[in-house]
Amino acid sequence: MKRILLILLALATLVMVGCKSDPVSYTPNQLYGKWQRGSEYYRYDSNMKGVTWDTSDDVSEEEAQPFEWSVSGDQLTVIHIMEMGGRIPKVYTITSLTSNILKYQDNYNQQFVFTRVIN
Amino acid sequence: MPRWLKVTLISLSSLIGLVVVVALIALYHIFTPERLTTIVNKLSDKYITCESHFESVDLSLFRTFPNAGLKVNDVVLVNQVEGYNQDTLASMHSLIVAINVRDFIKNGDIKVEQILVDDILANAYIAEDGTTNFDIFPPSADTTESESKPFELPDTIDLRKIKVNNLSASFTDLRDGMKASVRESDLCLKGSCLNHLADARLRVSSEKLSVTLLDSLNKETLSTQLSDIKLNLKGEGWLNDMEGKLHLDVDKALFSMGGTAYVNEELQQKDKILKIDMPFKANLDDLDFTLSDASVALVDYVISLEGNAKLATEEHPLTIDATFETNKWQISDLLPLIPFDIKGMMPKGMNLDAAILLKGKACGTMTDTTMPLVSANIQLTDGRLNYREVIPYEVRRINGDIDAILNLSDEGVSSAVVNKLTASVSQTSLKLTGRINDLLGNLMADVNLKGNLHLPDVKPFIPKDLGLEAKGKANVNLNLKATLDQITNLDLKNMNIKGTIGVKNLDVNMNNDIMATSPDLNLDIQIPAKKHTTTFREMLSARITGGSLHADIVSSNIHTDLSSTELEAGICDIMDESLPFMVAATIKASRLDATMDSMSATLSEPDIAFEMVPDRKDPSKVHYKVNYNNSALYAKISDSLSLDFAGLSVKGSAYYDSTRSNVLQQWSPDFDIDLKRAYVNFSQLNYMVQVPDIKFNYKPEKCEIASANVVFGNSDFYLSGAVTGLEKWISHEGMLKGDLYFTSNYTNVDDLLEALSGMGSDPDTLQKQREEDHVSKEANPFIVPKDVVFTLHTRIKDCTAFGNDLQELAGDVKVNDGVAVLDQVGFVCKAATMQLTALYRTPRVNHIFLGLDFHLLDIGVHELIDMIPAVDTIVPMLSAFDGNANFHLCAETYVNAFYQPKYSTLRGAASISGDSLVVLDSETFNTISKYLMFNKKTKNVIDSLDVEMTVFRKEVELFPFLLSMDKYQVVAAGRHNLDMNYDYHLEIIKSPLPTRLAIDALGIMPKIGIKLSKCRYDGMFRPEKRNAVQQQTLNLKQMIRSSLEANVKESTKKYRGLED
């Protein structure tokens, strides 16, 4: 009986491993540009810096707040730079990134969907 | 008379008459006209060189009775001279020469008793070379030269009668330039002088007499023409004691000299133009004449003369001692008679009328160096003057009493004493008295002017564009010492003027805007000034004293009341155009009340010294000096603000340059201001601001606050330091910089912020920003001024801020170009050492940045929650611990004009770290211990706590942290939104249990659901099992903490309160 259980466990592990898809990797080039989610905007610059603003709060791009960002695999790390000196890290998992659509989610499974803004 | 005598006399007379008649008839038949005519014509050829003709000669007995006369009829003398168009020298209708027959018969003497001439026409001529037409007698045969003797009056003259009827004659003297003529003249001369006893009568009448003098160019220099002349001259008595009378009447006259006609057309129309009536006594030996009751009248203008005139002889000069007096001359009647050129000297439009009476005396000798002294009294009555171009009123009731002394001698000084000269203008009356010296030289007046001025009468003299009206009365009493040149040239600086002007019921109105009233004001003026300042020469000093003065400026709604006013002013020479206007003044009053709109002020005993001196090289630049003191000042602005100063002193100077760009640069003030015991009451404050003492100095570009003690509600502070660059800052040319020291025993920051909210912003710029940002009117955020760099170095013993009591607070509050910074203020509260940096920036009215960097070192957890209740919301389980921790918080957000956060911009990071924290018996702990089956005997102390959390937008994220307690190790992590939607995870990574256990706390407060969950952090706090993701999480935690701790100053870590 104990052997049978071990075999089943091994099989189950095998099945689980076998079904796992290959990790997806993204490059920063794919994020460069301005992305919009409703009134919320993110602009990813090529120097791995960016800014974010929300026009519903009467904030313009010129008044946007800065962040630093990086992409590693499907992990998008955004570190918001505070003027007072603090840093606020945010880590997201990119679930989809096309030329027009960016989707990612945080560790609490909140989904974010952005569309690229074409100037 | 007996009858016999009467008959005898008649008989004798008849007999004598018969004898005489017979004798005359006999003579007439002996000397017939034919015989006499022949004799005369023969004799004339012998004694007259010119052509002559005697028509007939006969004896005249009856016309010359009782003398015998020789009558020549129709005598003609013709003597043609080259260059003269008249060949008749003379022609007479008849010439009778009567001789005394008795002396001729008795002694053989020929005594001419009478000469009678009728209808004589004569033309006398002197050519330029001296040739005459009347040199008709042959030269004398006696060629021996006799010594010439001066003319002497013969001892005996007995001229019974010379009578000329109808004389017309002309005289032309080309050599000396003279032409004269008489027409239809009669002359009768009778007289005798026997042994110095004289008796003479002359009567002349002429239809016309004219005399013309010519210069070398044959141009008229003098011309006179008299018509209807009657002259009577009578004298009798001893030559040294003669009495006589001269009477002359001229009906018409013309007279011109130097081209000027002195008898104008108006005067030509007058009859009896000249009348002289001159009784006299004369001593002809000494040429001494005495007049009594004499008069000379030009038309109706009479001068009465009395006195003595001694004509010049070799022994003595002309000497006069006479009085004169005129009748009343009416100027209006006299002026038309004045020659045109003299009238032309009077201003056009001037109309003068008055009655003049002259009375005086001339006394003295006339020599080359002396003239008789003339003293006169001039009485002027009922005068009127109309000269509207200068005086818009008729000057009435001109009355004068003037004594004048004319001294025409060399170096003589003439003078006049004005006993009284009064006049009325409208309702104004003036009176002038005094003395005028050197009348004919540089006239020097030393006079007093008194007057009652009706101030409305002054209105026409004030320029209309000033719109100034004045009511009231002024009593003027002025003394003036000045020369005529000084007066005409308005040379005030060399005049001497002193006097007072007392004004009653003054009411001044300027354009219905500026108004002033005073029941009683007194003005003292003095030239030259009574005293002199050191900065300029004062020409005039004035002193105004009065009971009260009320003034209004309607357009500005300003109202002032001055009590017991005393103003002294010194003014420079205002007539010197090369000098700018300079003034020095002091103003004292017992009280000054002023209101403007809703503002009012009361000054007790204001004392102002003021000086204004323009730059000599550039008068547009002006130096000012001010020294102001008052014993008390109370001011109020509606019900919103009241000020009560016990004393205010302002002393300093300013230099005004209008070319500079803003008001401070234009004035360049340099003032020391000392304010004592002030109380300031703001309506929006429920307490009074007290200022025991403020002293500061303002210089160009720098304001130094020497000391400023202020009690602000419960707060007290002492301020010192300097503010620089105000002038350039106003013109947007530079930054306003301040470096101030703020020392306080106690400061309530909440009170200060409430009071200072909204101060310091430019209203126009702010309004523009508001419009651009579409900001609601109700929103009124504090806008940090741009171009301002201020640092406030604070040292506060005790402080209340945001409801917390703080002690030993020190640090800088900075405002830097639109950013307000509470810069690393260190302080100590009862729970911790703190450091606070706060930043307030206003890029837009509707986009305001708030930032906070706050560090609490070694703080009690519960004090931390008390101080910052929001911490309990962010870290809900924190209230479950007790002990000391380090807390770091960095947060920032933008807010709108209502200070409502813009959550999309909200950022925050916090870190709490502590060791040996005690876990309290709280509800949360009990819940946890219930599920985790804590041992109740286990000491409820955790080894360490290391919490990092962030705020991003509305999302608060608690990064995984480890709690070690007893045999348990618990990891907590999660996040919640500011709407209190929680998603937290607790995980037991070490416990007595054989398996790990995790729970999730989910839901919206207070309905939190707890459920078992999957373990996530097994290896995170075990380095050997930690995966990459967990390592990254720890790295992020480290990054958060490091970034926060980096802001803590070393000085804060060591800070233990203010040093004494």
# chains A, B, ... in the order shown; residues from 1 in each chain; ligands from 1

$ closest_atom_pairs --of "chain B" --to "chain A" --cutoff "7 Å" --atoms "only C-alpha atoms" --output "tab-separated table"
residue	atom	partner	partner_atom	distance
B:Gly851	CA	A:Met84	CA	6.1
B:Leu852	CA	A:Met84	CA	6.7
B:Asp853	CA	A:Met84	CA	6.3
B:Cys890	CA	A:Gly86	CA	5.9
B:Lys902	CA	A:Asp57	CA	5.7
B:Ser904	CA	A:Asp54	CA	6.1
B:Arg907	CA	A:Met82	CA	6.9
B:Ala909	CA	A:Gly86	CA	6.2
B:Thr950	CA	A:Ile88	CA	6.1
B:Leu1036	CA	A:Pro89	CA	6.5
B:Ile1040	CA	A:Arg87	CA	5.8
B:Ser1043	CA	A:Gly86	CA	5.3
B:Leu1044	CA	A:Gly86	CA	5.6

$ atom_distance --atom1 "atom CA of Cys363 of chain B" --atom2 "atom CA of Leu380 of chain B"
23.8 Å

$ atom_distance --atom1 "atom CA of Leu231 of chain B" --atom2 "atom CA of Cys193 of chain B"
21.0 Å

$ decode --residues "segment 51-66 of chain A" --atoms "C-alpha atoms" --output "PDB file, in the first residue's frame"
ATOM      1  CA  VAL A  51       6.697  58.453 -14.996  1.00  0.00           C
ATOM      2  CA  THR A  52       3.078  57.867 -14.064  1.00  0.00           C
ATOM      3  CA  TRP A  53       0.122  60.184 -13.753  1.00  0.00           C
ATOM      4  CA  ASP A  54      -3.629  60.165 -13.541  1.00  0.00           C
ATOM      5  CA  THR A  55      -5.530  62.802 -15.397  1.00  0.00           C
ATOM      6  CA  SER A  56      -8.653  62.225 -13.310  1.00  0.00           C
ATOM      7  CA  ASP A  57      -6.732  63.862 -10.472  1.00  0.00           C
ATOM      8  CA  ASP A  58      -5.846  66.848 -12.629  1.00  0.00           C
ATOM      9  CA  VAL A  59      -2.259  65.735 -13.109  1.00  0.00           C
ATOM     10  CA  SER A  60      -0.552  66.236 -16.427  1.00  0.00           C
ATOM     11  CA  GLU A  61       2.344  64.329 -17.948  1.00  0.00           C
ATOM     12  CA  GLU A  62       4.629  67.227 -17.057  1.00  0.00           C
ATOM     13  CA  GLU A  63       3.641  66.803 -13.426  1.00  0.00           C
ATOM     14  CA  ALA A  64       3.963  63.049 -13.441  1.00  0.00           C
ATOM     15  CA  GLN A  65       5.789  61.157 -10.667  1.00  0.00           C
ATOM     16  CA  PRO A  66       8.932  59.219 -11.438  1.00  0.00           C
TER      17      PRO A  66
END
